[in-house]
Every structure is written in C-alpha cells, then in structure tokens.
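Below: work-v2.cif (mmCIF, C-alpha atoms)
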data_run
#
loop_
_atom_site.group_PDB
_atom_site.id
_atom_site.type_symbol
_atom_site.label_atom_id
_atom_site.label_comp_id
_atom_site.auth_asym_id
_atom_site.auth_seq_id
_atom_site.Cartn_x
_atom_site.Cartn_y
_atom_site.Cartn_z
ATOM 1 C CA MET A 242 12.095 -19.661 -24.206
ATOM 2 C CA GLY A 243 12.803 -19.997 -27.872
ATOM 3 C CA GLY A 244 13.755 -17.478 -30.486
ATOM 4 C CA ALA A 245 15.831 -14.330 -30.599
ATOM 5 C CA ASP A 246 14.781 -11.396 -28.449
ATOM 6 C CA PRO A 247 12.728 -8.746 -30.163
ATOM 7 C CA PRO A 248 14.582 -5.498 -30.876
ATOM 8 C CA GLY A 249 14.907 -3.326 -27.791
ATOM 9 C CA SER A 250 13.888 -6.023 -25.313
ATOM 10 C CA ALA A 251 17.314 -6.038 -23.596
ATOM 11 C CA GLY A 252 17.029 -2.286 -23.033
ATOM 12 C CA LYS A 253 13.528 -2.697 -21.664
ATOM 13 C CA VAL A 254 14.697 -5.402 -19.269
ATOM 14 C CA ARG A 255 17.543 -3.137 -18.114
ATOM 15 C CA SER A 256 15.259 -0.134 -17.555
ATOM 16 C CA ARG A 257 12.693 -2.302 -15.783
ATOM 17 C CA SER A 258 15.374 -3.799 -13.535
ATOM 18 C CA ALA A 259 16.656 -0.311 -12.717
ATOM 19 C CA ALA A 260 13.094 0.860 -12.001
ATOM 20 C CA PHE A 261 12.607 -2.096 -9.652
ATOM 21 C CA LEU A 262 15.830 -1.348 -7.768
ATOM 22 C CA VAL A 263 14.965 2.366 -7.399
ATOM 23 C CA THR A 264 11.420 1.512 -6.244
ATOM 24 C CA ALA A 265 12.610 -1.099 -3.763
ATOM 25 C CA VAL A 266 15.217 1.203 -2.233
ATOM 26 C CA ALA A 267 12.733 4.105 -2.015
ATOM 27 C CA ALA A 268 10.103 1.810 -0.441
ATOM 28 C CA ALA A 269 12.584 0.521 2.138
ATOM 29 C CA ALA A 270 13.641 4.100 2.918
ATOM 30 C CA VAL A 271 10.020 5.222 3.477
ATOM 31 C CA LEU A 272 9.342 2.186 5.677
ATOM 32 C CA GLY A 273 12.558 2.788 7.615
ATOM 33 C CA PHE A 274 11.613 6.437 8.154
ATOM 34 C CA GLY A 275 8.201 5.365 9.449
ATOM 35 C CA ILE A 276 9.814 2.940 11.896
ATOM 36 C CA PHE A 277 12.321 5.649 12.929
ATOM 37 C CA ARG A 278 9.388 7.953 13.711
ATOM 38 C CA LYS A 279 8.008 5.222 15.998
ATOM 39 C CA GLU A 280 4.798 4.978 13.977
ATOM 40 C CA ILE A 281 4.571 1.274 14.849
ATOM 41 C CA GLY A 282 3.353 2.153 18.339
ATOM 42 C CA GLU A 283 0.604 4.350 16.980
ATOM 43 C CA VAL A 284 -0.454 1.633 14.525
ATOM 44 C CA LEU A 285 -0.716 -0.803 17.432
ATOM 45 C CA LEU A 286 -2.770 1.650 19.502
ATOM 46 C CA ASN A 287 -5.128 2.310 16.589
ATOM 47 C CA ALA A 288 -5.517 -1.312 15.430
ATOM 48 C CA ALA A 289 -5.936 -2.775 18.908
ATOM 49 C CA LEU A 290 -8.437 0.017 19.667
ATOM 50 C CA LEU A 291 -6.694 0.622 22.980
ATOM 51 C CA MET B 18 -5.097 -19.340 3.696
ATOM 52 C CA GLY B 19 -5.368 -15.551 3.441
ATOM 53 C CA ALA B 20 -8.582 -15.671 5.434
ATOM 54 C CA ILE B 21 -7.229 -17.988 8.129
ATOM 55 C CA LEU B 22 -3.697 -16.738 8.851
ATOM 56 C CA PRO B 23 -4.488 -13.065 9.599
ATOM 57 C CA ASN B 24 -7.615 -14.129 11.489
ATOM 58 C CA ALA B 25 -6.176 -16.864 13.679
ATOM 59 C CA TYR B 26 -7.178 -15.313 17.034
ATOM 60 C CA ALA B 27 -10.257 -17.523 17.469
ATOM 61 C CA GLN B 28 -10.368 -16.622 21.155
ATOM 62 C CA GLY B 29 -11.616 -13.188 20.103
ATOM 63 C CA PHE B 30 -14.940 -14.674 19.041
ATOM 64 C CA LEU B 31 -15.179 -16.882 22.129
ATOM 65 C CA SER B 32 -14.475 -14.095 24.600
ATOM 66 C CA ALA B 33 -15.887 -11.197 22.519
ATOM 67 C CA SER B 34 -12.589 -9.345 22.735
ATOM 68 C CA LEU B 35 -9.901 -7.989 20.399
ATOM 69 C CA TYR B 36 -6.342 -9.249 20.056
ATOM 70 C CA GLN B 37 -4.104 -6.527 21.501
ATOM 71 C CA GLY B 38 -0.665 -8.122 21.139
ATOM 72 C CA SER B 39 2.384 -6.833 19.280
ATOM 73 C CA LEU B 40 1.415 -8.460 15.945
ATOM 74 C CA LYS B 41 -1.264 -5.762 15.617
ATOM 75 C CA SER B 42 1.531 -3.281 14.893
ATOM 76 C CA ALA B 43 2.141 -4.989 11.520
ATOM 77 C CA CYS B 44 -0.005 -4.187 8.473
ATOM 78 C CA THR B 45 -1.172 -7.077 6.303
ATOM 79 C CA PRO B 46 -1.143 -6.443 2.549
ATOM 80 C CA LEU B 47 -4.772 -7.626 2.534
ATOM 81 C CA LEU B 48 -8.149 -6.046 3.064
ATOM 82 C CA ASN B 49 -8.586 -7.516 6.525
ATOM 83 C CA CYS B 50 -10.370 -5.428 9.161
ATOM 84 C CA HIS B 51 -8.417 -5.028 12.404
ATOM 85 C CA ALA B 52 -11.664 -4.584 14.324
ATOM 86 C CA CYS B 53 -12.572 -8.203 13.537
ATOM 87 C CA PRO B 54 -12.472 -10.148 16.840
ATOM 88 C CA SER B 55 -10.082 -12.726 15.362
ATOM 89 C CA ALA B 56 -7.736 -10.308 13.539
ATOM 90 C CA LEU B 57 -4.047 -10.628 14.408
ATOM 91 C CA PHE B 58 -2.726 -7.807 12.216
ATOM 92 C CA SER B 59 -3.757 -4.280 11.349
ATOM 93 C CA CYS B 60 -5.542 -3.201 8.180
ATOM 94 C CA PRO B 61 -3.238 -1.102 5.959
ATOM 95 C CA ILE B 62 -6.087 1.087 4.727
ATOM 96 C CA GLY B 63 -7.303 1.664 8.295
ATOM 97 C CA THR B 64 -3.739 2.618 9.227
ATOM 98 C CA LEU B 65 -3.371 5.086 6.347
ATOM 99 C CA GLN B 66 -6.686 6.717 7.224
ATOM 100 C CA HIS B 67 -5.816 6.951 10.905
ATOM 101 C CA PHE B 68 -2.625 8.872 10.134
ATOM 102 C CA MET B 69 -4.412 11.151 7.658
ATOM 103 C CA ALA B 70 -7.207 11.793 10.151
ATOM 104 C CA THR B 71 -4.625 12.806 12.755
ATOM 105 C CA GLY B 72 -2.906 15.111 10.252
ATOM 106 C CA ASN B 73 0.243 12.975 9.794
ATOM 107 C CA VAL B 74 1.895 11.401 6.768
ATOM 108 C CA PRO B 75 1.587 7.584 7.077
ATOM 109 C CA TYR B 76 5.213 6.694 6.259
ATOM 110 C CA TYR B 77 5.021 3.286 7.932
ATOM 111 C CA GLY B 78 1.814 2.248 6.125
ATOM 112 C CA ILE B 79 2.950 3.548 2.734
ATOM 113 C CA GLY B 80 6.407 2.032 3.270
ATOM 114 C CA THR B 81 5.009 -1.394 4.171
ATOM 115 C CA LEU B 82 2.755 -1.496 1.120
ATOM 116 C CA SER B 83 5.542 -0.171 -1.128
ATOM 117 C CA VAL B 84 7.998 -2.838 0.023
ATOM 118 C CA ILE B 85 5.424 -5.588 -0.565
ATOM 119 C CA GLY B 86 4.315 -4.043 -3.864
ATOM 120 C CA SER B 87 7.870 -3.726 -5.164
ATOM 121 C CA GLY B 88 8.373 -7.391 -4.347
ATOM 122 C CA VAL B 89 5.228 -9.053 -5.644
ATOM 123 C CA GLY B 90 2.992 -6.345 -7.160
ATOM 124 C CA ARG B 91 -0.680 -7.215 -6.619
ATOM 125 C CA MET B 92 -0.011 -10.865 -5.894
ATOM 126 C CA THR B 93 -1.447 -10.621 -2.381
ATOM 127 C CA CYS B 94 -4.761 -9.473 -3.945
ATOM 128 C CA GLY B 95 -4.873 -12.516 -6.182
ATOM 129 C CA THR B 96 -3.634 -15.166 -3.796
ATOM 130 C CA LEU B 97 -4.281 -14.135 -0.179
ATOM 131 C CA CYS B 98 -7.030 -11.497 0.117
ATOM 132 C CA PRO B 99 -10.049 -12.982 1.950
ATOM 133 C CA PHE B 100 -12.494 -10.524 0.381
ATOM 134 C CA GLY B 101 -11.165 -11.388 -3.080
ATOM 135 C CA ALA B 102 -11.596 -15.089 -2.329
ATOM 136 C CA LEU B 103 -15.171 -14.441 -1.211
ATOM 137 C CA GLN B 104 -15.924 -12.644 -4.488
ATOM 138 C CA ASP B 105 -14.387 -15.521 -6.475
ATOM 139 C CA LEU B 106 -16.592 -17.937 -4.569
ATOM 140 C CA LEU B 107 -19.730 -15.865 -5.137
ATOM 141 C CA TYR B 108 -19.020 -15.665 -8.877
ATOM 142 C CA LYS B 109 -19.305 -19.455 -9.049
ATOM 143 C CA PHE B 110 -23.036 -19.171 -8.278
ATOM 144 C CA ARG B 111 -25.293 -19.650 -11.233
ATOM 145 C CA ALA B 112 -26.475 -16.131 -12.061
ATOM 146 C CA TRP B 113 -26.753 -13.669 -14.908
ATOM 147 C CA LYS B 114 -23.136 -12.809 -15.861
ATOM 148 C CA VAL B 115 -22.154 -9.323 -17.029
ATOM 149 C CA SER B 116 -18.894 -7.498 -17.609
ATOM 150 C CA ILE B 117 -18.160 -4.026 -16.310
ATOM 151 C CA PRO B 118 -16.743 -1.253 -18.525
ATOM 152 C CA PRO B 119 -12.954 -0.711 -18.371
ATOM 153 C CA TRP B 120 -13.277 2.884 -17.111
ATOM 154 C CA THR B 121 -14.532 1.590 -13.745
ATOM 155 C CA ARG B 122 -10.902 0.736 -12.889
ATOM 156 C CA TYR B 123 -10.240 4.445 -12.359
ATOM 157 C CA LEU B 124 -12.863 4.626 -9.614
ATOM 158 C CA ARG B 125 -10.530 2.840 -7.208
ATOM 159 C CA TYR B 126 -7.985 5.666 -7.558
ATOM 160 C CA ALA B 127 -10.742 8.162 -6.772
ATOM 161 C CA VAL B 128 -11.676 6.083 -3.701
ATOM 162 C CA LEU B 129 -8.013 6.007 -2.630
ATOM 163 C CA VAL B 130 -7.505 9.746 -2.979
ATOM 164 C CA GLY B 131 -10.941 10.744 -1.695
ATOM 165 C CA LEU B 132 -12.005 8.298 1.005
ATOM 166 C CA VAL B 133 -8.570 7.224 2.260
ATOM 167 C CA PHE B 134 -6.513 10.426 2.055
ATOM 168 C CA ALA B 135 -8.421 13.676 1.399
ATOM 169 C CA ILE B 136 -11.726 13.222 3.251
ATOM 170 C CA PRO B 137 -10.195 11.654 6.408
ATOM 171 C CA TYR B 138 -7.657 14.512 6.477
ATOM 172 C CA ALA B 139 -10.409 17.128 6.102
ATOM 173 C CA THR B 140 -12.990 15.585 8.430
ATOM 174 C CA ARG B 141 -10.709 13.763 10.933
ATOM 175 C CA GLU B 142 -12.857 10.648 10.407
ATOM 176 C CA ASN B 143 -11.951 7.276 8.829
ATOM 177 C CA TRP B 144 -14.583 7.354 6.095
ATOM 178 C CA PHE B 145 -13.484 4.361 4.063
ATOM 179 C CA SER B 146 -13.489 2.147 7.164
ATOM 180 C CA LYS B 147 -16.963 3.385 8.062
ATOM 181 C CA LEU B 148 -18.267 2.125 4.705
ATOM 182 C CA CYS B 149 -15.931 -0.817 3.967
ATOM 183 C CA PRO B 150 -17.938 -3.993 3.167
ATOM 184 C CA MET B 151 -15.119 -6.193 4.511
ATOM 185 C CA GLY B 152 -15.279 -4.291 7.803
ATOM 186 C CA THR B 153 -19.046 -4.755 7.932
ATOM 187 C CA LEU B 154 -18.745 -8.476 7.253
ATOM 188 C CA THR B 155 -15.888 -9.330 9.606
ATOM 189 C CA ALA B 156 -16.257 -6.703 12.329
ATOM 190 C CA GLY B 157 -19.609 -4.878 12.185
ATOM 191 C CA LEU B 158 -21.858 -7.923 11.973
ATOM 192 C CA PRO B 159 -19.953 -10.100 14.512
ATOM 193 C CA TRP B 160 -19.858 -7.278 17.076
ATOM 194 C CA VAL B 161 -23.551 -6.536 16.619
ATOM 195 C CA ALA B 162 -24.323 -10.244 17.059
ATOM 196 C CA MET B 163 -22.074 -10.693 20.109
ATOM 197 C CA ASN B 164 -22.452 -7.483 22.063
ATOM 198 C CA PRO B 165 -25.826 -6.012 23.187
ATOM 199 C CA GLY B 166 -24.075 -2.698 23.909
ATOM 200 C CA VAL B 167 -23.000 -2.420 20.286
ATOM 201 C CA ARG B 168 -26.534 -3.378 19.150
ATOM 202 C CA SER B 169 -27.946 -0.470 21.093
ATOM 203 C CA MET B 170 -25.644 1.910 19.210
ATOM 204 C CA ILE B 171 -26.943 0.972 15.740
ATOM 205 C CA ARG B 172 -27.778 4.068 13.715
ATOM 206 C CA SER B 173 -28.607 4.732 10.058
ATOM 207 C CA LEU B 174 -24.911 4.414 9.074
ATOM 208 C CA PHE B 175 -25.027 0.723 9.968
ATOM 209 C CA TRP B 176 -27.819 0.124 7.456
ATOM 210 C CA VAL B 177 -25.844 2.041 4.813
ATOM 211 C CA LYS B 178 -22.915 -0.319 5.502
ATOM 212 C CA ILE B 179 -25.194 -3.354 5.253
ATOM 213 C CA SER B 180 -26.578 -2.045 1.943
ATOM 214 C CA ILE B 181 -23.045 -1.613 0.553
ATOM 215 C CA LEU B 182 -22.117 -5.146 1.652
ATOM 216 C CA LEU B 183 -25.272 -6.595 0.090
ATOM 217 C CA PHE B 184 -24.602 -4.656 -3.112
ATOM 218 C CA PHE B 185 -21.142 -6.194 -3.484
ATOM 219 C CA VAL B 186 -22.330 -9.669 -2.468
ATOM 220 C CA THR B 187 -25.044 -9.490 -5.134
ATOM 221 C CA THR B 188 -22.866 -8.001 -7.876
ATOM 222 C CA SER B 189 -20.099 -10.544 -7.150
ATOM 223 C CA THR B 190 -22.424 -13.302 -8.350
ATOM 224 C CA MET B 191 -22.729 -11.508 -11.705
ATOM 225 C CA VAL B 192 -19.400 -9.686 -12.188
ATOM 226 C CA LYS B 193 -15.886 -11.025 -11.605
ATOM 227 C CA ARG B 194 -14.408 -9.326 -8.501
ATOM 228 C CA PRO B 195 -16.357 -6.025 -8.740
ATOM 229 C CA PHE B 196 -14.930 -4.612 -5.502
ATOM 230 C CA CYS B 197 -11.291 -5.371 -6.406
ATOM 231 C CA ARG B 198 -11.657 -3.853 -9.860
ATOM 232 C CA ALA B 199 -13.654 -0.730 -9.147
ATOM 233 C CA VAL B 200 -13.304 0.168 -5.481
ATOM 234 C CA CYS B 201 -10.414 -1.379 -3.533
ATOM 235 C CA PRO B 202 -7.931 1.349 -2.501
ATOM 236 C CA LEU B 203 -5.389 -1.284 -1.425
ATOM 237 C CA GLY B 204 -5.437 -2.730 -4.925
ATOM 238 C CA ALA B 205 -5.056 0.809 -6.270
ATOM 239 C CA ILE B 206 -1.842 1.289 -4.284
ATOM 240 C CA LEU B 207 -0.374 -2.125 -5.148
ATOM 241 C CA SER B 208 -1.283 -1.727 -8.837
ATOM 242 C CA PHE B 209 1.319 1.062 -9.131
ATOM 243 C CA PHE B 210 4.005 -1.587 -8.622
ATOM 244 C CA ASN B 211 2.887 -4.200 -11.173
ATOM 245 C CA LYS B 212 5.211 -2.823 -13.864
ATOM 246 C CA THR B 213 8.354 -2.739 -11.779
ATOM 247 C CA SER B 214 7.869 -5.441 -9.126
ATOM 248 C CA PHE B 215 10.474 -8.160 -8.632
ATOM 249 C CA LEU B 216 8.031 -10.899 -9.629
ATOM 250 C CA GLN B 217 6.660 -10.518 -13.134
ATOM 251 C CA LEU B 218 4.385 -12.378 -15.477
ATOM 252 C CA ALA B 219 6.157 -13.389 -18.693
ATOM 253 C CA TRP B 220 4.499 -14.158 -22.001
ATOM 254 C CA ASN B 221 6.125 -16.266 -24.681
ATOM 255 C CA PRO B 222 4.939 -15.172 -28.143
ATOM 256 C CA ASP B 223 6.493 -18.250 -29.751
ATOM 257 C CA THR B 224 4.184 -20.706 -28.012
ATOM 258 C CA CYS B 225 1.058 -18.517 -27.759
ATOM 259 C CA SER B 226 -1.761 -19.585 -30.091
ATOM 260 C CA ARG B 227 -3.880 -16.500 -29.279
ATOM 261 C CA CYS B 228 -6.771 -18.708 -28.245
ATOM 262 C CA GLY B 229 -7.925 -16.170 -25.634
ATOM 263 C CA LYS B 230 -8.438 -18.777 -22.908
ATOM 264 C CA CYS B 231 -6.248 -16.737 -20.555
ATOM 265 C CA ARG B 232 -8.838 -13.951 -20.674
ATOM 266 C CA LYS B 233 -11.677 -16.362 -19.957
ATOM 267 C CA ILE B 234 -10.027 -17.688 -16.797
ATOM 268 C CA CYS B 235 -8.705 -14.283 -15.687
ATOM 269 C CA PRO B 236 -10.646 -13.087 -12.601
ATOM 270 C CA VAL B 237 -10.451 -9.473 -13.790
ATOM 271 C CA ASP B 238 -11.058 -10.008 -17.524
ATOM 272 C CA ILE B 239 -7.694 -8.746 -18.779
ATOM 273 C CA ARG B 240 -5.564 -10.202 -21.574
ATOM 274 C CA PRO B 241 -2.318 -11.354 -19.901
ATOM 275 C CA ASP B 242 -0.887 -12.153 -23.333
ATOM 276 C CA ARG B 243 -1.311 -8.560 -24.491
ATOM 277 C CA LYS B 244 -0.127 -6.798 -21.344
ATOM 278 C CA PRO B 245 1.342 -9.049 -18.624
ATOM 279 C CA THR B 246 2.195 -6.001 -16.508
ATOM 280 C CA ASP B 247 -1.366 -4.618 -16.565
ATOM 281 C CA PRO B 248 -2.100 -2.664 -13.343
ATOM 282 C CA ASP B 249 -5.358 -4.625 -13.101
ATOM 283 C CA CYS B 250 -3.544 -7.984 -13.014
ATOM 284 C CA LEU B 251 -3.981 -9.590 -9.589
ATOM 285 C CA ARG B 252 -1.099 -12.053 -10.145
ATOM 286 C CA CYS B 253 -3.413 -14.891 -9.153
ATOM 287 C CA LEU B 254 -1.396 -17.026 -11.616
ATOM 288 C CA ASP B 255 -4.532 -18.755 -12.931
ATOM 289 C CA CYS B 256 -3.371 -17.942 -16.468
ATOM 290 C CA THR B 257 -0.016 -19.681 -15.910
ATOM 291 C CA ARG B 258 -1.868 -22.944 -16.517
ATOM 292 C CA CYS B 259 -1.146 -22.008 -20.135
ATOM 293 C CA PRO B 260 2.504 -22.784 -21.006
ATOM 294 C CA SER B 261 2.817 -19.429 -22.807
ATOM 295 C CA LEU B 262 2.497 -17.536 -19.538
ATOM 296 C CA SER B 263 4.802 -18.021 -16.579
ATOM 297 C CA LEU B 264 5.986 -16.344 -13.429
ATOM 298 C CA THR B 265 9.440 -14.847 -13.675
ATOM 299 C CA THR B 266 11.530 -12.037 -12.189
ATOM 300 C CA VAL B 267 12.227 -8.535 -13.395
ATOM 301 C CA PHE B 268 15.826 -9.552 -14.170
ATOM 302 C CA HIS B 269 14.773 -12.362 -16.489
ATOM 303 C CA LYS B 270 15.482 -11.721 -20.152
ATOM 304 C CA GLU B 271 12.027 -12.246 -21.593
ATOM 305 C CA PRO B 272 9.819 -10.144 -23.833
ATOM 306 C CA PHE B 273 7.245 -9.279 -21.191
ATOM 307 C CA GLY B 274 5.304 -6.099 -20.811
ATOM 308 C CA GLU B 275 4.649 -5.135 -24.425
ATOM 309 C CA PRO B 276 2.627 -6.882 -27.097
ATOM 310 C CA VAL B 277 5.161 -8.474 -29.417
ATOM 311 C CA ILE B 278 4.121 -9.875 -32.799
ATOM 312 C CA PRO B 279 4.610 -13.657 -32.662
ATOM 313 C CA LYS B 280 7.454 -14.775 -34.927
ATOM 314 C CA ARG B 281 5.307 -17.099 -36.989
ATOM 315 C CA VAL B 282 2.792 -14.308 -37.620
ATOM 316 C CA ALA B 283 5.629 -11.931 -38.543
ATOM 317 C CA GLN B 284 7.050 -14.524 -40.910
ATOM 318 C CA GLY B 285 3.684 -14.883 -42.611
ATOM 319 C CA MET B 286 3.420 -11.141 -43.241
#

Would you put the structure from the file into structure tokens?
Amino acid sequence: MGGADPPGSAGKVRSRSAAFLVTAVAAAAVLGFGIFRKEIGEVLLNAALL
Amino acid sequence: MGAILPNAYAQGFLSASLYQGSLKSACTPLLNCHACPSALFSCPIGTLQHFMATGNVPYYGIGTLSVIGSGVGRMTCGTLCPFGALQDLLYKFRAWKVSIPPWTRYLRYAVLVGLVFAIPYATRENWFSKLCPMGTLTAGLPWVAMNPGVRSMIRSLFWVKISILLFFVTTSTMVKRPFCRAVCPLGAILSFFNKTSFLQLAWNPDTCSRCGKCRKICPVDIRPDRKPTDPDCLRCLDCTRCPSLSLTTVFHKEPFGEPVIPKRVAQGM
C-alpha cells in the first residue's frame, strides 16, 4: 500500500512478529503438555457423557 | 457452516442419543454445546469447567484455544460460531435498536474468571454450562422435547435457563451481538490473542476517507480504522469490503494496530 511507513512502524512489526512467535510456541507447549498428560481421554469421557 | 459442521451427527436427533466417537475428544473453538444430540466435538468452555471442577488445570483446553487464538485471533467468533450467527440473524428483525456502553465488554472477563474458573473450582459444579443460553437452545430444549425422563427432571433451574435464553434472544433483536460482547467467556479468551495473532486486520491510512461506514457494518460497533487489533474485533471481515481495510499477516509491513494520521491530513496541517 502506498506511501512511506510511519516512524517506528518497522519496530512495531518486529515486536508484534516476535510476540506472535512467543505466543504460538507457548500455546503449542501448553497443548502438548495437555496431550502428554492424557487429558484427551478425560475430555472425551466428559463430552460424550459416558 | 459453523452451525452445520460441528453438529453433523443428525442420527443423534433421530435416535435420541449422543455421539460418543473419538471426535468428541477435540474442542471446537466455538460455543457449541457437547450435550447437543448432533454435536460431534466438545465445547471448550465445558471442558475448561470440567477440569476446574475436578481440581485440575485444563492444559489441553487452554492449549487448544491458545493455538487457535495465536493463529486467527477471534476469527472463529466472527465466521463460524453458531450462536453468533443466530444473534446476527436476530438483529436483522425490525425492532428498536440500541447500543450498549463500552464498559460491558469487561463483564465477559468477569464471567470467564467467575463462572468458568473460580466458581466451578470452589463448588465442583459446571456453573456456566448450567446457565449457558447456547446449551439451553441446542441441548436443554431438544432433550426435554425428546425424552420424557428428562422432562420429569425439570426443576426451577430449567426456567432460569429459559429466561436467560429468552433475554438474549430478545436483546439480540435490539443490540448487535449482546452475548458475544458482554458475556461470552470463549470470546474473552480468544480476545487476548487479537493483538499478536498470525492473521491481522490492516488499515491503510492513505486510502481511508474516514467515512465511518466500517463502524456501521461492524457487528460489535468498533472502529476498525482506529484500532484494527481491538480485542472486541470478531474478525468477521465485513469491514474488508472497504478497500482501506484488508486481512494480512503479522509479518506484513503495514501500519496496523495504532491510529496513524493519514498523510493527506498531515500535509494539510
């Protein structure tokens, strides 16, 4: 899109990209830990009202 | 599509039974009750409450929502949620239209902390699910209609649930998405990710004429041109009909997220 970037926008993009990467890795780690703890089975038992 | 895909087990209604297959172990990023006879997946809020009520940290539920939130933010609220779609539909009815004050957005965080985490942990009961209008609509009412045994168990709580459902059905004809904006704990969780999600809304100050049409078509009355990363933004993409607003990624080099003075306005100063 046209025009020069406003001052500081490159830094904001960098910090936002870094924040996304940190969030995504942390989210995947929490999900992985939940799967490792075999929580999926308990979710199935609860949701299927078994 | 959000109403059909997670509720594709039509046999549940025909045989008055619940789907009990392996898909139920996956949480949908939608407010979709897993006690609905046609539900294929589990409700994330029901899952979080279940773990809190049993005294455990819901890593799997939080992790699932965090992965989805870090990818698309609240986009599932705006594009797939069946209860959101119902509210959009109800708002099309000719009725007295009002707007709700901005502070009501904080109520959903109170609902999340209170009814989803703290109270279930303290009482060992899933209190949000007991009162959820989506649960009443897609599970409570169908089960009461289909099963005489369930009908015989109706107590005062059922009428409280019906009252809550009727309240949101009525207010949805007057206010844009009242439940999503003021109550939904799932939206509260996903809203934390709007600022840093992979998909972002970008605003181009060079082409924006500040006409305010984006606010008029926004289902939650925000100004996407002033704050495209607003936690209230449902990422429904209705505002991208305007060429000044577009969907982009967090790596894209665009001036999104902060109000920037348009160049032509700055030049005129």

Please tabulate, as a tab-separated table, the residues of chain B that come within 6 Å of chain A, each with its closest pair of atoms and the distance in Å to one decimal, counting all atoms listed in the file and ordering rows by chain, then residue number upward.
residue	atom	partner	partner_atom	distance
B:Gln37	CA	A:Ala289	CA	4.9
B:Lys41	CA	A:Leu285	CA	5.3
B:Ser42	CA	A:Leu285	CA	4.2
B:His51	CA	A:Ala288	CA	5.6
B:Ser59	CA	A:Ala288	CA	5.3
B:Tyr76	CA	A:Gly275	CA	4.6
B:Tyr77	CA	A:Gly275	CA	4.1
B:Gly80	CA	A:Leu272	CA	3.8
B:Thr81	CA	A:Leu272	CA	5.8
B:Ser83	CA	A:Ala268	CA	5.0
B:Val84	CA	A:Ala268	CA	5.1
B:Ser87	CA	A:Ala265	CA	5.6
B:Thr213	CA	A:Phe261	CA	4.8
B:Ser214	CA	A:Phe261	CA	5.8
B:Val267	CA	A:Ser258	CA	5.7
B:Phe268	CA	A:Ser258	CA	5.8
B:Pro272	CA	A:Ser250	CA	6.0

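In this structure, atom CA of Val192 of chain B sits 26.1 Å away from atom CA of Gln217 of chain B.
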
Length of the atom CA of Pro150 of chain B to atom CA of Gly88 of chain B vector [Å]: 27.6 Å

Segment 232-238 of chain B surroundings by all atoms listed in the file, 12 Å radius, close-in-sequence under 2 positions cut, as a ChimeraX atom specification: /B:94-96,101-102,104-106,108-109,115-119,121-122,189,192-199,227-230,240-245,247-259,262

Given the PyMOL selection byres ((chain B and resi 219-221) around 6), the residues it picks as a PyMOL selection string: chain B and resi 218+222-224+242+261-263+273

Selected residues, C-alpha atoms, written as a CSV table (one decimal), keeping the file's coordinate frame, please.
chain,number,residue,atom,x,y,z
B,218,LEU,CA,4.4,-12.4,-15.5
B,222,PRO,CA,4.9,-15.2,-28.1
B,223,ASP,CA,6.5,-18.2,-29.8
B,224,THR,CA,4.2,-20.7,-28.0
B,242,ASP,CA,-0.9,-12.2,-23.3
B,261,SER,CA,2.8,-19.4,-22.8
B,262,LEU,CA,2.5,-17.5,-19.5
B,263,SER,CA,4.8,-18.0,-16.6
B,273,PHE,CA,7.2,-9.3,-21.2

Coordinates-based distance that separates atom CA of Ser34 of chain B from atom CA of Gly78 of chain B (Å, one decimal): 24.9 Å
